[in-house]
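A.B. asks: Got a structure for you, questions after.
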Amino acid sequence: MGFLDIKNATKSYGAVKVLHETDISIEEGEFLVLVGPSGCGKSTLLNMIAGLEEITTGDIAIKGQSMAGVRPADRNIAMVFQSYALYPNMNVGQNIVFGLEMHGVPKPERDTAMNKVADLLQIKHLLDRKPGQLSGGQRQRVAMGRALVRDPDVFLFDEPLSNLDAKLRVDMRTEIKKLHQKLKTTIVYVTHDQIEALTLSTRIAVMFGGHVQQLGTPKEVYDNPANMFVAGFMGSPSMNLFPAKIAVENGKAVAKAKLADGQDATLPFPDARGFERHDGREIILGLRPEAITDRDGADRNSQSVHVIDAHVDITEPAGSDTFVSTQLGGKEVTGRFRADVDVHPGQTFPFAINMEKAVAFDPKTEERVS
Amino acid sequence: MSSNATATVVRTGAGSRFVIYTLLALFCLYYLLPLYVMVVNSLKPLSEIQAGGMMALPDVWTLAPWKSAWSTAQIGVEATGLRPFFWNSIVMVVPAVAISTVLGALNGYVLTKWRFRGDTIIFGLLLFGCFIPFQMVLIPMARMLGLVGLAGTVPGLVFVHLVYGIGFSTLYFRNYYQQFPTELVRAAMIDGAGFFTIFRRIMLPSSGPIAVVCVIWQFTNIWNDFLFGASFSDFDSQPMTVALNNLVQSSTGVKEYNVHFAGAIMAALPTLLVYIVAGRYFVRGLMAGSVKG
């Protein structure tokens with residue numbers, strides 16, 4: 001049993017099931033990120049943990065104790081909302097200690113706790129201001145202060161960074177990560193931003209259509225996506241997915257995908273990889289952009305780098321890298337080249353493909369086959 | 001776009017601007033003329049009005065009509081002036097406005113933040129109550145008041161206005177709270193605040209603008225009401241409006257127009273005051289900063 005256990009929990013509104021049977025268990029101190037596109041059920045699940053939404057069937061337990069029928073206030077949780085939800089009529093200090101006041105903590109203790117948190121978040125100079133007088137980043141800090149001061153068992157974050165501008169978002173992301181490393185509190189964090197999910201979490205639950213598609217560490221989810229949805233959703237630019245035909249020869253599997261000129265590119269896997277039963281069948285091959293690169297940029301530790309000559313459609317210099325697109329299996333495929341590679345649209349250029357990193361999906365079920 | 005708020009949409013030249021302002025000034029004058037007539041005539045002796053100069057300023061300025069209307073004029077059978085009825089009105093209006101505003105706020109809070117099955121139907125019925133003509137409920141209401149023993153009393157009138165007022169005050173607060181971020185309520189719930197604490201500590205402090213609108217509306221309606229006042233009050237619980245009618249309709253002796261004018265102004269003064277005082281607090285932007293944007 002973990003610190004936070006979600007056991008077979010579902011949520012329905014009338015006949016509409018917005019969250020299907022979900023099982024997630026995390027240990028104390030973990031940073032669980034629920035990630036997925038809008039309407040995938042991630043915020044619903046968070047609200048169920050918070051007690052703001054009732055659980056239709058199943059159970060959620062914190063520290064081994066079932067939360068069924070327990071009021072949000074009695075769950076020893078704290079939540080940071082997307083809109084910050086600071087009380088407009090109270091100043092920052094009052095906002096921070098409101099929860100303590102409601103829980104009957106005497107004033108001297110409240111003040112001590114408030115000062116401690118204000119120091120930690122460097123908002124001491126803001127304590128007397130009203131939320132309306134603060135910038136977005138400052139409000140964000142105050143909202144976090146209000147959660148921290150409660151010293152809860154579980155922190156719940158509901159897309160806390162989505163209202164900030166791009167630069168501030170990156171700064172605050174680092175700050176949340178630092179805070180988690182320092183305080184080691186259990187966190188459940190909802191976001192639709194896969195970068196946030198990858199950078200912050202110790203575990204990710206990728207959600208779509210009310211189902212948890214995959215639950216795993218960031219590395220597992222990134223390197224070994226369970227299905228095509230996870231493969232396409234996590235990573236930016238997203239994983240290249242294109243049809244290829246499998247052939248097994250001499251105990252080794254080979255994928256064949258059509259190039260732009262109609263020729264077949266032959267991409268051998270390092271081994272058979274359990275492709276025997278797919279011999280002669282079409283699969284969807286998944287390759288991350290960094291697994292498709294220029295000859296010198298290829299991973300030297302890989303046993304299975306294969307070079308093909310392909311037509312360059314577009315080059316997109318992004319400063320640190322240059323993204324180069326070509327056609328494979330009738331789909332646009334993007335590779336991440338080193339920035340100073342001399343490559344131009346219209347050229348035929350060698351693409352080094354790291355087949356160690358390749359994954360394959362069933363075209364019909366979209367599930368992982370190897 | 002607040003910086004553009006004062007700019008006009010249509011470009012206006014000096015000529016058209018002159019026409020607009022002249023027209024506006026004329027309308028304003030036309031609108032204020034009755035007030036002028038009332039004030040001027042309430043400050044002159046009766047003989048000057050009888051001599052015909054309705055529009056003229058008084059030759060002799062006098063406060064006698066005001067004093068008479070307030071404390072000595074004949075109302076019905078007794079020469080009490082309007083004073084006791086003024087207090088009747090105050091004693092009726094203040095609790096009716098206060099209670100209907102608070103109940104409206106509570107209703108609005110429940111209908112938006114503590115929604116339950118059938119809440120829209122209840123809100124619909126409350127709204128429907130706003131549009132039932134007063135005349136329709138006169139007889140059932142009279143029967144009700146008689147049954148609970150409030151017939152002919154000030155509390156009875158308070159009750160009637162309260163029931164009628166809740167529909168409107170609920171409508172105001174419900175629409176206002178609809179815009180109020182629900183995340184604030186959720187945050188307060190997690191912080192451990194209960195139903196009434198959230199209402200008192202989070203909702204009410206942000207309700208200034210709508211409370212002012214509601215109070216102005218209720219005060220004006222209840223103070224100016226004549227039908228319920230005439231129907232459900234006894235002589236000693238009559239509100240100001242009914243007493244003013246009795247003052248003007250008194251058939252004994254000569255018609256003291258100057259006294260009538262003074263009385264009418266007295267009857268209108270409280271609503272005017274409410275507008276002047278409360279209108280100042282009718283400001284927007286109290287919600288600024290609670291959420292983004």
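FYI, nothing fancy with the structure tokens labels: chains A, B, ... in order, residues from 1 per chain, ligands from 1 as they appear.
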With 8 Å as the cut-off and only C-alpha atoms counted, what is the closest atom pair between each nearby residue of chain A and chain B? Distances in Å to one decimal, ordered by chain and number, as a tab-separated table.

C.D. replies:
```
residue	atom	partner	partner_atom	distance
A:Ala50	CA	B:Ile190	CA	7.7
A:Leu52	CA	B:Arg186	CA	7.1
A:Pro72	CA	B:Ile190	CA	5.0
A:Ala73	CA	B:Gly192	CA	4.3
A:Asp74	CA	B:Gly192	CA	7.5
A:Ile77	CA	B:Ile190	CA	7.4
A:Ala78	CA	B:Ile190	CA	6.7
A:Met79	CA	B:Ala187	CA	7.2
A:Phe81	CA	B:Glu183	CA	7.1
A:Ser83	CA	B:Val291	CA	5.2
A:Tyr84	CA	B:Val291	CA	6.4
A:Ala85	CA	B:Leu184	CA	4.8
A:Leu86	CA	B:Ser290	CA	5.3
A:Tyr87	CA	B:Ser290	CA	6.0
A:Pro88	CA	B:Ser290	CA	4.6
A:Asn89	CA	B:Pro205	CA	6.3
A:Phe98	CA	B:Asp191	CA	6.8
A:Gly99	CA	B:Asp191	CA	4.1
A:Leu100	CA	B:Asp191	CA	7.5
A:Met102	CA	B:Gly192	CA	5.4
A:His103	CA	B:Gly192	CA	6.3
A:Lys130	CA	B:Gly289	CA	7.9
A:Pro131	CA	B:Gly289	CA	5.3
A:Gly132	CA	B:Gly289	CA	3.4
A:Gln133	CA	B:Gly289	CA	6.9
A:Leu134	CA	B:Gly289	CA	7.6
A:Gly136	CA	B:Lys292	CA	7.6
A:Asn163	CA	B:Lys292	CA	7.4
```

A.B. asks: Return as a PyMOL selection string the full set of residues in region 73-146 of chain B whose backbone-based DSSP assignment is helix (DSSP H, G or I).

C.D. replies: chain B and resi 83-113+119-130+134-146

A.B. asks: For Lys184 (chain A), please output as a list of chain:residue names all residues within 9 Å (counting only C-alpha atoms; exclusion window: fewer than 2 positions along the same chain).

C.D. replies: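 So the residues in contact are A:Glu28, A:Gly29, A:Glu30, A:Phe31, A:Leu179, A:His180, A:Gln181, A:Lys182, A:Thr186, A:Ile187.
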
A.B. asks: What does the distance between CA of Arg273 (chain A) and CA of Phe361 (chain A) come to in Å, to one decimal place?

C.D. replies: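 Rounded to one decimal, the two atoms are 12.9 Å apart.
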
A.B. asks: Given only C-alpha atoms as the basis, pick out the residue of A:Ala118, A:Val312, A:Ile62, A:Ala298 nearest to Ile49 (chain A).

C.D. replies: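 The shortest atom-to-atom distance to Ile49 (chain A) comes from A:Ile62.
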